[in-house]
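> Here's a structure for you.
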Amino acid sequence: MIELVNTSLKYDKENAALRDVSFRFEKGSYHYITGPSGAGKTSLIRLLALSHPPFQGMVRFMGHPVNYLERASLIPLRQKIGVVYQDYRLLPHLTVFENVALPLRIQRRSNKEIRNNVEELLHWVGLGEHMHAYPLTISGGEQQRVSIARSVVTQPRLLLADEPTGNLDDAVAQKIMSLFEQLYKMGTTIVVATHNQDLITRYSHPELRLNKGKLEKVSPAYLKLGER
Ligand SMILES: Nc1ncnc2c1ncn2[C@@H]1O[C@H](COP(=O)(O)OP(=O)(O)O)[C@@H](O)[C@H]1O
Ligand SMILES: [Mg+2]
């Protein structure tokens with residue numbers, strides 16, 4: 001599905017945020033990215049989201065090497081990727097409903113389909129009451145749920161989530177994780193950066209650990225799978 005080959009990422013001349021990372025995320029797999037703050041989790045999500053170019057090495061998505069592609073050729077590839085950003089990135093001048101509807105509007109889906117899908121999803125994440133509110137008038141946890149609804153509304157082939165349960169109470173966090181499980185069972189490839197060890201234990205999937213920009217450890221569960 002998506003592969004990193006000896007990939008490094010730099011924001012400035014001196015320090016590499018990621019160093020020589022190689023890993024292939026197979027189609028239909030589910031991985032966690034863990035590691036201390038500053039380890040490079042968000043940077044890895046940016047590479048996988050095709051939103052930041054590598055400094056060295058390459059990223060290959062669905063068979064396409066994407067390093068040197070023009071912006072215009074990235075657009076159709078990016079449309080297959082859903083991203084939950086750590087800082088939500090909601091559009092403040094659009095209602096909750098319209099924020100979630102936006103990816104469907106870009107795909108020119110019918111109004112009826114948009115209304116049905118968006119309403120159902122917003123009810124499911126517990127935001128039915130806030131559909132017509134603006135993002136800045138709801139809480140951080142609610143904004144996070146809007147961002148999660150927006151990322152899955154197009155049923156992306158690859159779903160990337162950067163600390164998606166960071167601001168959610170336990171019950172809502174579990175609901176979001178079980179939504180990810182359902183998408184995984186339907187064939188979506190999933191990558192979740194998280195600190196939440198409880199959730200990793202409860203919803204068990206292979207874990208990639210980053211430390212100071214290096215890929216340090218792949219969990220034993222994954223190694224066993226690899227040996228088969
Ligand atoms: N936009 C940016 N500009 C400059 N440096 C950044 C930027 N984003 C992250 N970094 C740096 O890159 C390193 C990895 O950060 P990040 O990927 O955000 O780690 P994590 O998500 O694991 O906390 C850190 O040293 C951080 O300060
Ligand atoms: Mg981060």
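Numbering starts fresh at 1 for the residues of each chain in the structure tokens, the chains themselves are lettered A, B, ... in the order given, and ligands are numbered from 1 as they appear.
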Would you give me, as a PDB file with N, CA and C atoms, in the first residue's frame, the residues in segment 70-157 of chain A that DSSP reads as strand (DSSP E)?

```pdb
ATOM      1  N   ILE A  81      -6.421   8.992   0.695  1.00  0.00           N
ATOM      2  CA  ILE A  81      -5.862   8.969   2.045  1.00  0.00           C
ATOM      3  C   ILE A  81      -6.699   9.842   2.967  1.00  0.00           C
ATOM      4  N   GLY A  82      -7.116   9.285   4.099  1.00  0.00           N
ATOM      5  CA  GLY A  82      -7.800  10.081   5.124  1.00  0.00           C
ATOM      6  C   GLY A  82      -6.817  10.387   6.237  1.00  0.00           C
ATOM      7  N   VAL A  83      -6.794  11.646   6.698  1.00  0.00           N
ATOM      8  CA  VAL A  83      -5.845  12.008   7.748  1.00  0.00           C
ATOM      9  C   VAL A  83      -6.569  12.680   8.915  1.00  0.00           C
ATOM     10  N   VAL A  84      -6.293  12.190  10.118  1.00  0.00           N
ATOM     11  CA  VAL A  84      -6.727  12.880  11.335  1.00  0.00           C
ATOM     12  C   VAL A  84      -5.502  13.594  11.878  1.00  0.00           C
TER      13      VAL A  84
END
```
> For the structure I just gave you, how does DSSP split segment 100-162 of chain A - specifically, which residues are helix (DSSP H, G or I)? Reply as an NGL selection string.
:A and (100-106 or 111-124 or 128-130 or 135-137 or 140-152)
> Go ahead and dump the residues you just picked, N, CA and C atoms, as a CSV table (one decimal), in the first residue's frame.

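Wrote again-v1.csv, looks like this:
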```csv
chain,number,residue,atom,x,y,z
A,100,VAL,N,-17.4,18.2,7.6
A,100,VAL,CA,-17.3,16.7,7.3
A,100,VAL,C,-17.7,16.5,5.9
A,101,ALA,N,-18.6,17.3,5.3
A,101,ALA,CA,-19.1,17.1,4.0
A,101,ALA,C,-18.1,17.5,2.9
A,102,LEU,N,-17.1,18.3,3.3
A,102,LEU,CA,-16.2,18.9,2.3
A,102,LEU,C,-15.5,17.9,1.4
A,103,PRO,N,-14.9,16.8,1.9
A,103,PRO,CA,-14.3,15.8,1.0
A,103,PRO,C,-15.3,15.2,0.0
A,104,LEU,N,-16.6,15.1,0.4
A,104,LEU,CA,-17.6,14.5,-0.5
A,104,LEU,C,-18.0,15.5,-1.5
A,105,ARG,N,-18.0,16.8,-1.1
A,105,ARG,CA,-18.3,17.9,-2.1
A,105,ARG,C,-17.2,18.0,-3.2
A,106,ILE,N,-16.0,17.8,-2.7
A,106,ILE,CA,-14.9,17.8,-3.7
A,106,ILE,C,-15.0,16.7,-4.7
A,111,ASN,N,-26.2,15.7,-3.2
A,111,ASN,CA,-26.6,16.3,-2.0
A,111,ASN,C,-27.2,15.3,-1.0
A,112,LYS,N,-28.0,14.4,-1.6
A,112,LYS,CA,-28.7,13.4,-0.8
A,112,LYS,C,-27.7,12.5,-0.2
A,113,GLU,N,-26.8,12.0,-1.0
A,113,GLU,CA,-25.8,11.1,-0.5
A,113,GLU,C,-24.9,11.8,0.6
A,114,ILE,N,-24.6,13.0,0.4
A,114,ILE,CA,-23.8,13.8,1.4
A,114,ILE,C,-24.6,13.9,2.7
A,115,ARG,N,-25.9,14.3,2.5
A,115,ARG,CA,-26.7,14.4,3.8
A,115,ARG,C,-26.8,13.1,4.5
A,116,ASN,N,-27.1,12.1,3.8
A,116,ASN,CA,-27.2,10.8,4.5
A,116,ASN,C,-25.9,10.3,5.2
A,117,ASN,N,-24.8,10.4,4.5
A,117,ASN,CA,-23.5,9.9,5.0
A,117,ASN,C,-23.1,10.8,6.2
A,118,VAL,N,-23.1,12.1,6.0
A,118,VAL,CA,-22.6,13.0,7.0
A,118,VAL,C,-23.4,12.9,8.3
A,119,GLU,N,-24.8,12.9,8.1
A,119,GLU,CA,-25.6,12.9,9.3
A,119,GLU,C,-25.4,11.6,10.1
A,120,GLU,N,-25.3,10.5,9.3
A,120,GLU,CA,-25.2,9.2,10.0
A,120,GLU,C,-23.9,9.2,10.8
A,121,LEU,N,-22.8,9.6,10.2
A,121,LEU,CA,-21.5,9.6,10.8
A,121,LEU,C,-21.5,10.5,12.0
A,122,LEU,N,-22.1,11.7,11.9
A,122,LEU,CA,-22.0,12.7,13.0
A,122,LEU,C,-22.9,12.1,14.2
A,123,HIS,N,-24.0,11.5,13.9
A,123,HIS,CA,-24.8,10.9,15.0
A,123,HIS,C,-23.9,9.8,15.6
A,124,TRP,N,-23.2,9.0,14.8
A,124,TRP,CA,-22.4,7.9,15.4
A,124,TRP,C,-21.3,8.4,16.3
A,128,GLY,N,-24.6,14.6,16.7
A,128,GLY,CA,-25.8,14.9,16.0
A,128,GLY,C,-26.4,16.3,16.5
A,129,GLU,N,-26.2,16.6,17.7
A,129,GLU,CA,-26.7,17.9,18.3
A,129,GLU,C,-25.9,19.1,17.8
A,130,HIS,N,-24.7,18.9,17.3
A,130,HIS,CA,-23.8,20.0,17.0
A,130,HIS,C,-23.6,20.2,15.5
A,135,PRO,N,-17.0,25.2,14.4
A,135,PRO,CA,-15.9,24.5,15.2
A,135,PRO,C,-15.5,25.2,16.5
A,136,LEU,N,-15.3,26.5,16.4
A,136,LEU,CA,-14.8,27.2,17.6
A,136,LEU,C,-15.7,27.3,18.7
A,137,THR,N,-17.0,26.9,18.5
A,137,THR,CA,-18.0,27.0,19.6
A,137,THR,C,-18.2,25.6,20.3
A,140,GLY,N,-12.7,20.9,22.5
A,140,GLY,CA,-11.6,20.3,21.8
A,140,GLY,C,-11.8,18.8,21.4
A,141,GLY,N,-12.4,18.1,22.4
A,141,GLY,CA,-12.7,16.7,22.1
A,141,GLY,C,-13.8,16.6,21.0
A,142,GLU,N,-14.7,17.5,21.0
A,142,GLU,CA,-15.8,17.5,20.0
A,142,GLU,C,-15.1,17.8,18.6
A,143,GLN,N,-14.2,18.8,18.6
A,143,GLN,CA,-13.6,19.1,17.4
A,143,GLN,C,-12.8,17.9,16.8
A,144,GLN,N,-12.2,17.2,17.7
A,144,GLN,CA,-11.4,16.0,17.3
A,144,GLN,C,-12.3,15.0,16.7
A,145,ARG,N,-13.5,14.8,17.2
A,145,ARG,CA,-14.5,13.9,16.6
A,145,ARG,C,-14.9,14.3,15.3
A,146,VAL,N,-15.1,15.7,15.1
A,146,VAL,CA,-15.4,16.2,13.7
A,146,VAL,C,-14.3,15.8,12.8
A,147,SER,N,-13.0,16.0,13.2
A,147,SER,CA,-11.9,15.8,12.3
A,147,SER,C,-11.8,14.3,12.0
A,148,ILE,N,-12.2,13.4,12.9
A,148,ILE,CA,-12.2,12.0,12.7
A,148,ILE,C,-13.3,11.6,11.7
A,149,ALA,N,-14.5,12.2,11.9
A,149,ALA,CA,-15.6,12.0,11.0
A,149,ALA,C,-15.2,12.4,9.5
A,150,ARG,N,-14.6,13.6,9.4
A,150,ARG,CA,-14.2,14.1,8.1
A,150,ARG,C,-13.2,13.1,7.4
A,151,SER,N,-12.3,12.5,8.3
A,151,SER,CA,-11.2,11.7,7.7
A,151,SER,C,-11.8,10.4,7.1
A,152,VAL,N,-12.9,9.9,7.7
A,152,VAL,CA,-13.4,8.6,7.3
A,152,VAL,C,-14.6,8.7,6.3
```
> Return as CSV the residues of chain A lying at most 9 Å from ligand 1, together with the closest atom-to-atom pair for each and the distance in Å to one decimal, counting only C-alpha atoms and all ligand atoms, with rows in chain order and ascending residue number.

```
residue,atom,partner,partner_atom_place_in_ligand_line,distance
A:Leu9,CA,ligand 1,12 (O),8.7
A:Lys10,CA,ligand 1,12 (O),7.7
A:Tyr11,CA,ligand 1,4 (C),4.8
A:Asp12,CA,ligand 1,4 (C),6.7
A:Asn15,CA,ligand 1,25 (O),7.7
A:Ala16,CA,ligand 1,12 (O),7.2
A:Ala17,CA,ligand 1,12 (O),4.3
A:Leu18,CA,ligand 1,14 (C),7.2
A:Ile33,CA,ligand 1,22 (O),8.8
A:Thr34,CA,ligand 1,22 (O),7.7
A:Gly35,CA,ligand 1,22 (O),6.2
A:Pro36,CA,ligand 1,22 (O),6.0
A:Ser37,CA,ligand 1,23 (O),3.7
A:Gly38,CA,ligand 1,23 (O),3.5
A:Ala39,CA,ligand 1,22 (O),3.9
A:Gly40,CA,ligand 1,17 (O),3.2
A:Lys41,CA,ligand 1,22 (O),3.7
A:Thr42,CA,ligand 1,21 (O),3.7
A:Ser43,CA,ligand 1,17 (O),3.7
A:Leu44,CA,ligand 1,17 (O),6.5
A:Ile45,CA,ligand 1,17 (O),8.0
A:Arg46,CA,ligand 1,17 (O),8.3
A:Gln86,CA,ligand 1,21 (O),8.6
A:Asp162,CA,ligand 1,21 (O),7.8
A:Glu163,CA,ligand 1,21 (O),8.6
A:Ala193,CA,ligand 1,21 (O),8.0
A:Leu210,CA,ligand 1,22 (O),7.5
A:Asn211,CA,ligand 1,22 (O),8.2
A:Lys212,CA,ligand 1,14 (C),7.4
A:Gly213,CA,ligand 1,14 (C),6.7
```
> Would you export the selected residues with N, CA and C atoms as an mmCIF file, in the first residue's frame, please?

```cif
data_model
loop_
_atom_site.group_PDB
_atom_site.id
_atom_site.type_symbol
_atom_site.label_atom_id
_atom_site.label_comp_id
_atom_site.auth_asym_id
_atom_site.auth_seq_id
_atom_site.Cartn_x
_atom_site.Cartn_y
_atom_site.Cartn_z
ATOM 1 N N LEU A 9 13.729 12.805 6.731
ATOM 2 C CA LEU A 9 12.955 14.041 6.610
ATOM 3 C C LEU A 9 13.642 15.116 7.430
ATOM 4 N N LYS A 10 13.796 16.286 6.818
ATOM 5 C CA LYS A 10 14.443 17.407 7.517
ATOM 6 C C LYS A 10 13.570 18.643 7.432
ATOM 7 N N TYR A 11 13.496 19.409 8.524
ATOM 8 C CA TYR A 11 12.817 20.704 8.493
ATOM 9 C C TYR A 11 13.837 21.837 8.362
ATOM 10 N N ASP A 12 15.088 21.547 8.765
ATOM 11 C CA ASP A 12 16.139 22.561 8.621
ATOM 12 C C ASP A 12 17.442 21.866 8.259
ATOM 13 N N ASN A 15 19.166 19.308 11.617
ATOM 14 C CA ASN A 15 18.602 18.128 12.278
ATOM 15 C C ASN A 15 17.628 17.370 11.381
ATOM 16 N N ALA A 16 17.776 16.060 11.403
ATOM 17 C CA ALA A 16 16.804 15.233 10.690
ATOM 18 C C ALA A 16 15.716 14.804 11.671
ATOM 19 N N ALA A 17 14.455 15.038 11.316
ATOM 20 C CA ALA A 17 13.342 14.597 12.173
ATOM 21 C C ALA A 17 13.108 13.094 12.011
ATOM 22 N N LEU A 18 13.459 12.566 10.823
ATOM 23 C CA LEU A 18 13.422 11.112 10.608
ATOM 24 C C LEU A 18 14.703 10.726 9.890
ATOM 25 N N ILE A 33 2.142 3.650 15.581
ATOM 26 C CA ILE A 33 3.457 4.296 15.683
ATOM 27 C C ILE A 33 3.542 4.872 17.089
ATOM 28 N N THR A 34 4.566 4.461 17.829
ATOM 29 C CA THR A 34 4.713 4.950 19.195
ATOM 30 C C THR A 34 6.086 5.595 19.354
ATOM 31 N N GLY A 35 6.320 6.130 20.538
ATOM 32 C CA GLY A 35 7.614 6.758 20.820
ATOM 33 C C GLY A 35 7.381 8.050 21.578
ATOM 34 N N PRO A 36 8.437 8.528 22.297
ATOM 35 C CA PRO A 36 8.286 9.733 23.111
ATOM 36 C C PRO A 36 8.020 10.972 22.258
ATOM 37 N N SER A 37 7.578 12.017 22.926
ATOM 38 C CA SER A 37 7.332 13.289 22.255
ATOM 39 C C SER A 37 8.605 13.750 21.543
ATOM 40 N N GLY A 38 8.469 14.180 20.302
ATOM 41 C CA GLY A 38 9.640 14.621 19.535
ATOM 42 C C GLY A 38 10.329 13.494 18.780
ATOM 43 N N ALA A 39 9.831 12.269 18.909
ATOM 44 C CA ALA A 39 10.489 11.109 18.279
ATOM 45 C C ALA A 39 10.341 11.113 16.765
ATOM 46 N N GLY A 40 9.298 11.805 16.268
ATOM 47 C CA GLY A 40 9.110 11.850 14.813
ATOM 48 C C GLY A 40 7.798 11.244 14.326
ATOM 49 N N LYS A 41 6.865 10.991 15.255
ATOM 50 C CA LYS A 41 5.592 10.347 14.879
ATOM 51 C C LYS A 41 4.812 11.201 13.876
ATOM 52 N N THR A 42 4.645 12.486 14.229
ATOM 53 C CA THR A 42 3.892 13.378 13.337
ATOM 54 C C THR A 42 4.610 13.527 11.999
ATOM 55 N N SER A 43 5.931 13.574 12.032
ATOM 56 C CA SER A 43 6.699 13.687 10.784
ATOM 57 C C SER A 43 6.475 12.462 9.901
ATOM 58 N N LEU A 44 6.424 11.293 10.517
ATOM 59 C CA LEU A 44 6.173 10.067 9.751
ATOM 60 C C LEU A 44 4.767 10.102 9.134
ATOM 61 N N ILE A 45 3.795 10.579 9.906
ATOM 62 C CA ILE A 45 2.425 10.709 9.370
ATOM 63 C C ILE A 45 2.437 11.681 8.176
ATOM 64 N N ARG A 46 3.201 12.782 8.286
ATOM 65 C CA ARG A 46 3.258 13.751 7.171
ATOM 66 C C ARG A 46 3.830 13.109 5.905
ATOM 67 N N GLN A 86 -3.188 16.007 14.318
ATOM 68 C CA GLN A 86 -3.097 16.233 15.762
ATOM 69 C C GLN A 86 -3.793 17.543 16.142
ATOM 70 N N ASP A 162 -3.158 10.859 13.771
ATOM 71 C CA ASP A 162 -2.098 11.332 14.654
ATOM 72 C C ASP A 162 -2.671 11.619 16.035
ATOM 73 N N GLU A 163 -2.413 10.735 16.971
ATOM 74 C CA GLU A 163 -2.938 10.836 18.340
ATOM 75 C C GLU A 163 -4.439 11.124 18.337
ATOM 76 N N ALA A 193 -0.740 6.926 15.162
ATOM 77 C CA ALA A 193 0.312 7.350 16.099
ATOM 78 C C ALA A 193 -0.360 7.586 17.444
ATOM 79 N N LEU A 210 9.409 4.705 17.368
ATOM 80 C CA LEU A 210 10.399 5.674 16.905
ATOM 81 C C LEU A 210 11.122 6.251 18.110
ATOM 82 N N ASN A 211 12.419 6.496 17.939
ATOM 83 C CA ASN A 211 13.176 7.208 18.957
ATOM 84 C C ASN A 211 14.170 8.108 18.252
ATOM 85 N N LYS A 212 14.106 9.395 18.533
ATOM 86 C CA LYS A 212 14.995 10.383 17.913
ATOM 87 C C LYS A 212 15.064 10.219 16.397
ATOM 88 N N GLY A 213 13.916 9.969 15.791
ATOM 89 C CA GLY A 213 13.864 9.917 14.332
ATOM 90 C C GLY A 213 14.263 8.588 13.715
#
```
> Would you work out the distance separating atom CA of Val125 of chain A from atom CA of Val191 of chain A, expressed in Å to one decimal?
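Atom CA of Val191 of chain A lies 19.9 Å from atom CA of Val125 of chain A.
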> Quick one: everything within 12 Å of Glu70 of chain A, counting only C-alpha atoms, minus sequence neighbours fewer than 5 positions away in the same chain. Send it as a ChimeraX atom specification.
/A:50,53,65,75-77
> Just to confirm, what's the straight-line distance from atom CA of Arg60 of chain A to atom CA of Lys217 of chain A in Å (one decimal)?
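Distance reported for this atom pair: 21.8 Å.
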> Counting only C-alpha atoms and all ligand atoms, figure out which residue out of A:Pro156, A:Pro164, A:Pro92, A:Gly187 gets nearest to ligand 2.
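Looking only at the distances to ligand 2, the closest residue turns out to be A:Pro164.
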> Leaving out Gln174 of chain A and any residue of its chain fewer than 5 positions from it, which residues lie within 10 Å of it when counting only C-alpha atoms, given as a ChimeraX atom specification?
/A:165,168-169,179-180,199,202-203
> Include N, CA and C atoms and write out the residues we just selected as an mmCIF file, in the first residue's frame.

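What landed in selection_3.cif:
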```
data_model
loop_
_atom_site.group_PDB
_atom_site.id
_atom_site.type_symbol
_atom_site.label_atom_id
_atom_site.label_comp_id
_atom_site.auth_asym_id
_atom_site.auth_seq_id
_atom_site.Cartn_x
_atom_site.Cartn_y
_atom_site.Cartn_z
ATOM 1 N N THR A 165 -6.948 9.935 19.855
ATOM 2 C CA THR A 165 -7.736 9.859 21.083
ATOM 3 C C THR A 165 -7.170 10.772 22.158
ATOM 4 N N LEU A 168 -9.838 12.809 24.066
ATOM 5 C CA LEU A 168 -11.145 12.186 24.237
ATOM 6 C C LEU A 168 -11.203 11.421 25.547
ATOM 7 N N ASP A 169 -12.382 11.418 26.183
ATOM 8 C CA ASP A 169 -12.476 10.586 27.385
ATOM 9 C C ASP A 169 -12.534 9.124 26.953
ATOM 10 N N LEU A 179 -14.483 2.155 15.688
ATOM 11 C CA LEU A 179 -14.737 2.584 14.299
ATOM 12 C C LEU A 179 -13.539 2.223 13.415
ATOM 13 N N PHE A 180 -12.321 2.481 13.922
ATOM 14 C CA PHE A 180 -11.123 2.124 13.161
ATOM 15 C C PHE A 180 -11.069 0.609 12.928
ATOM 16 N N LEU A 199 -5.031 1.497 24.975
ATOM 17 C CA LEU A 199 -5.735 1.200 23.719
ATOM 18 C C LEU A 199 -4.949 0.207 22.876
ATOM 19 N N ARG A 202 -5.662 -3.108 24.272
ATOM 20 C CA ARG A 202 -7.028 -3.564 24.030
ATOM 21 C C ARG A 202 -7.270 -3.915 22.552
ATOM 22 N N TYR A 203 -6.798 -3.038 21.674
ATOM 23 C CA TYR A 203 -6.964 -3.286 20.239
ATOM 24 C C TYR A 203 -5.574 -3.576 19.696
#
```
> Can I get the residues of segment 178-200 of chain A within 8 Å of segment 22-29 of chain A, each with the closest pair of atoms and their distance in Å to one decimal, using only C-alpha atoms, sorted chain first then ascending number, as a tab-separated table?

```
residue	atom	partner	partner_atom	distance
A:Tyr184	CA	A:Gly28	CA	6.7
A:Gly187	CA	A:Gly28	CA	4.9
A:Thr188	CA	A:Gly28	CA	5.4
A:Thr189	CA	A:Gly28	CA	4.3
A:Ile190	CA	A:Ser29	CA	6.3
```
> Excluding His31 of chain A and its own-chain neighbours fewer than 3 positions away, which residues fall within 6 Å of it when counting only C-alpha atoms? Please give them as a PDB file with C-alpha atoms, in the first residue's frame.

```pdb
ATOM      1  CA  VAL A 191      -1.731   3.763  10.787  1.00  0.00           C
ATOM      2  CA  HIS A 205      -1.870  -4.514  16.302  1.00  0.00           C
ATOM      3  CA  PRO A 206       1.833  -4.397  15.416  1.00  0.00           C
ATOM      4  CA  GLU A 207       3.714  -1.443  16.831  1.00  0.00           C
TER       5      GLU A 207
END
```
